[in-house]
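Chemist: If you scroll down you'll find the structure; I have some questions about it.
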Amino acid sequence: EIQTGLGRTGKLLAEEHEGIEADVTLVGKALSGGFYPISAVLSNMEVMGVFLPGDHGSTFGGNPLACAVARTAVRVLMKEKMIENAQEMGEYFMAGLKAIKSPFVREVRGRGLMIGVELHKTAGGARRFCEALMQKGLLCKETHQDVIRLTPPLVITRSEIDWALRRIASVLKG
């Protein structure tokens, strides 16, 4: 859940989409809203109970500032309904992407605001599209050579998605 957790996919944890509760879940990056380095291991007492007090330690583990930042970030995530926004805006964004008719696009898929636009192998790779989008003011990342990965902020609005869709359409249509 390092990349997918804490609202990114429209659920608190991506594993919720599959109806599972992992034995061990790792969270990070979004845990502090990107303001301070922190990560966490989530589990239950059956798994974590193997450690007795003093068995395991870390030089920087339990940093009070990092924990305070994480606690505040999670409160804001919940209070401002960012998870719900990720789900709603993700559906809107994907519908807009699927409406773009491009000979380069093989498939649009995603959950919440973690979206991939997979290109046909004949498109020449995703990097050139990402670079063209950057020239238009939109940052994205190519992954697996043929996928444009879009992970906008959880606070994105419809008007900002519309702005992005216009630029994406112009690049994907050539």
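Ordered as shown in the structure tokens, chains take letters A, B, and onward, while each chain numbers its residues from 1 and ligands are numbered from 1 in the order shown.
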Kindly provide the residues of range 30-107 of chain A that approach range 143-153 of chain A to within 12 Å, each paired with its closest atom pair and their distance in Å to one decimal, based on only C-alpha atoms, listed by chain and increasing number, as JSON lines.

Modeler:
{"residue": "A:Ala30", "atom": "CA", "partner": "A:Pro153", "partner_atom": "CA", "distance": 10.7}
{"residue": "A:Gly33", "atom": "CA", "partner": "A:Pro153", "partner_atom": "CA", "distance": 10.3}
{"residue": "A:Gly34", "atom": "CA", "partner": "A:Pro153", "partner_atom": "CA", "distance": 11.1}
{"residue": "A:Leu77", "atom": "CA", "partner": "A:Pro153", "partner_atom": "CA", "distance": 11.8}
{"residue": "A:Met82", "atom": "CA", "partner": "A:Pro153", "partner_atom": "CA", "distance": 9.4}
{"residue": "A:Ile83", "atom": "CA", "partner": "A:Pro153", "partner_atom": "CA", "distance": 10.9}
{"residue": "A:Asn85", "atom": "CA", "partner": "A:Pro153", "partner_atom": "CA", "distance": 10.1}
{"residue": "A:Ala86", "atom": "CA", "partner": "A:Pro153", "partner_atom": "CA", "distance": 8.4}
{"residue": "A:Met89", "atom": "CA", "partner": "A:Pro152", "partner_atom": "CA", "distance": 9.8}
{"residue": "A:Gly90", "atom": "CA", "partner": "A:Pro152", "partner_atom": "CA", "distance": 9.2}
{"residue": "A:Phe93", "atom": "CA", "partner": "A:Leu150", "partner_atom": "CA", "distance": 9.8}
{"residue": "A:Met94", "atom": "CA", "partner": "A:Leu150", "partner_atom": "CA", "distance": 10.2}
{"residue": "A:Leu97", "atom": "CA", "partner": "A:Leu150", "partner_atom": "CA", "distance": 10.8}
{"residue": "A:Phe104", "atom": "CA", "partner": "A:Asp146", "partner_atom": "CA", "distance": 10.1}
{"residue": "A:Val105", "atom": "CA", "partner": "A:Val147", "partner_atom": "CA", "distance": 9.4}
{"residue": "A:Arg106", "atom": "CA", "partner": "A:Asp146", "partner_atom": "CA", "distance": 9.6}
{"residue": "A:Glu107", "atom": "CA", "partner": "A:Val147", "partner_atom": "CA", "distance": 9.3}

Chemist: Return as number ranges by chain the full set of residues in range 3-160 of chain A whose backbone-based DSSP assignment is strand (DSSP E or B).

Modeler: A: 24-27, 40-43, 105-111, 114-119, 141-143, 147-150

Chemist: Could you please take those selected residues and save C-alpha atoms as a PDB file, in the first residue's frame?

Modeler:
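What landed in result.pdb:
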ATOM      1  CA  VAL A  24       0.824  -7.421   7.029  1.00  0.00           C
ATOM      2  CA  THR A  25       0.237  -4.097   5.259  1.00  0.00           C
ATOM      3  CA  LEU A  26       2.899  -1.456   4.662  1.00  0.00           C
ATOM      4  CA  VAL A  27       1.957   2.213   4.351  1.00  0.00           C
ATOM      5  CA  ALA A  40       4.160   2.046   9.183  1.00  0.00           C
ATOM      6  CA  VAL A  41       3.602  -1.684   9.383  1.00  0.00           C
ATOM      7  CA  LEU A  42      -0.051  -2.576  10.001  1.00  0.00           C
ATOM      8  CA  SER A  43      -1.049  -5.972  11.282  1.00  0.00           C
ATOM      9  CA  VAL A 105      -4.683   3.853 -26.779  1.00  0.00           C
ATOM     10  CA  ARG A 106      -5.138   0.153 -26.052  1.00  0.00           C
ATOM     11  CA  GLU A 107      -6.888   0.435 -22.670  1.00  0.00           C
ATOM     12  CA  VAL A 108      -7.719   2.833 -19.837  1.00  0.00           C
ATOM     13  CA  ARG A 109      -7.828   1.272 -16.384  1.00  0.00           C
ATOM     14  CA  GLY A 110      -7.512   2.258 -12.776  1.00  0.00           C
ATOM     15  CA  ARG A 111      -9.062   2.664  -9.390  1.00  0.00           C
ATOM     16  CA  MET A 114      -4.484   5.806  -9.793  1.00  0.00           C
ATOM     17  CA  ILE A 115      -5.040   5.546 -13.513  1.00  0.00           C
ATOM     18  CA  GLY A 116      -3.129   3.930 -16.352  1.00  0.00           C
ATOM     19  CA  VAL A 117      -3.503   4.613 -20.046  1.00  0.00           C
ATOM     20  CA  GLU A 118      -1.979   1.622 -21.811  1.00  0.00           C
ATOM     21  CA  LEU A 119      -0.743   2.299 -25.312  1.00  0.00           C
ATOM     22  CA  LYS A 141       4.976   9.065 -15.465  1.00  0.00           C
ATOM     23  CA  GLU A 142       5.519   6.268 -17.917  1.00  0.00           C
ATOM     24  CA  THR A 143       5.590   2.794 -16.476  1.00  0.00           C
ATOM     25  CA  VAL A 147       1.605   2.877 -19.819  1.00  0.00           C
ATOM     26  CA  ILE A 148       1.003   6.532 -18.973  1.00  0.00           C
ATOM     27  CA  ARG A 149       0.440   6.613 -15.209  1.00  0.00           C
ATOM     28  CA  LEU A 150      -1.774   9.409 -13.928  1.00  0.00           C
TER      29      LEU A 150
END

Chemist: Please determine, counting only C-alpha atoms, which residue among A:Arg166, A:Lys11, A:Arg158, A:Lys29 has the shortest atom-to-atom distance to Glu84 in chain A.

Modeler: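 Once distances to Glu84 in chain A are computed over only C-alpha atoms, the minimum belongs to A:Lys11.
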
Chemist: According to DSSP computed on the backbone, where in range 4-141 of chain A is there helix (DSSP H, G or I)? Give the residues as number ranges by chain.

Modeler: A: 14-18, 29-32, 45-48, 64-79, 82-99, 121-123, 127-135

Chemist: Using only C-alpha atoms for the distances, tell me which of A:Gly137, A:Gly61, A:Gly125, A:Gly19 is nearest to Ile38 in chain A.

Modeler: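 Among A:Gly137, A:Gly61, A:Gly125, A:Gly19, it is A:Gly61 that comes nearest to Ile38 in chain A.
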
Chemist: Just the residues within 8 Å of Leu139 in chain A, please, counting only C-alpha atoms, with nothing from its chain fewer than 3 positions along; format it as a PyMOL selection string.

Modeler: chain A and resi 130+133-134

Chemist: So that I can see what lies close to Leu13 in chain A, please list as a ChimeraX atom specification the residues with an atom at most 10 Å from it, counting only C-alpha atoms and leaving out residues fewer than 2 positions away in the same chain.

Modeler: /A:1-2,4-11,15-17,21,25,27,83

Chemist: Could you take the residues named above and write them with C-alpha atoms, as a PDB file, in the first residue's frame?

Modeler:
ATOM      1  CA  GLU A   1       0.000   0.000   0.000  1.00  0.00           C
ATOM      2  CA  ILE A   2       3.044   2.290  -0.245  1.00  0.00           C
ATOM      3  CA  THR A   4      -1.888   2.665  -3.409  1.00  0.00           C
ATOM      4  CA  GLY A   5      -2.875   3.269   0.198  1.00  0.00           C
ATOM      5  CA  LEU A   6      -4.533   6.070   2.110  1.00  0.00           C
ATOM      6  CA  GLY A   7      -7.195   7.027  -0.372  1.00  0.00           C
ATOM      7  CA  ARG A   8      -5.340   6.888  -3.692  1.00  0.00           C
ATOM      8  CA  THR A   9      -7.621   4.185  -5.117  1.00  0.00           C
ATOM      9  CA  GLY A  10     -10.872   5.508  -3.674  1.00  0.00           C
ATOM     10  CA  LYS A  11     -10.666   3.330  -0.550  1.00  0.00           C
ATOM     11  CA  GLU A  15      -6.810  -4.193  -0.457  1.00  0.00           C
ATOM     12  CA  GLU A  16     -10.384  -3.218   0.470  1.00  0.00           C
ATOM     13  CA  HIS A  17     -11.359  -3.426  -3.221  1.00  0.00           C
ATOM     14  CA  GLU A  21      -7.348  -7.998   5.094  1.00  0.00           C
ATOM     15  CA  THR A  25       0.237  -4.097   5.259  1.00  0.00           C
ATOM     16  CA  VAL A  27       1.957   2.213   4.351  1.00  0.00           C
ATOM     17  CA  ILE A  83     -11.063   9.294  -0.192  1.00  0.00           C
TER      18      ILE A  83
END
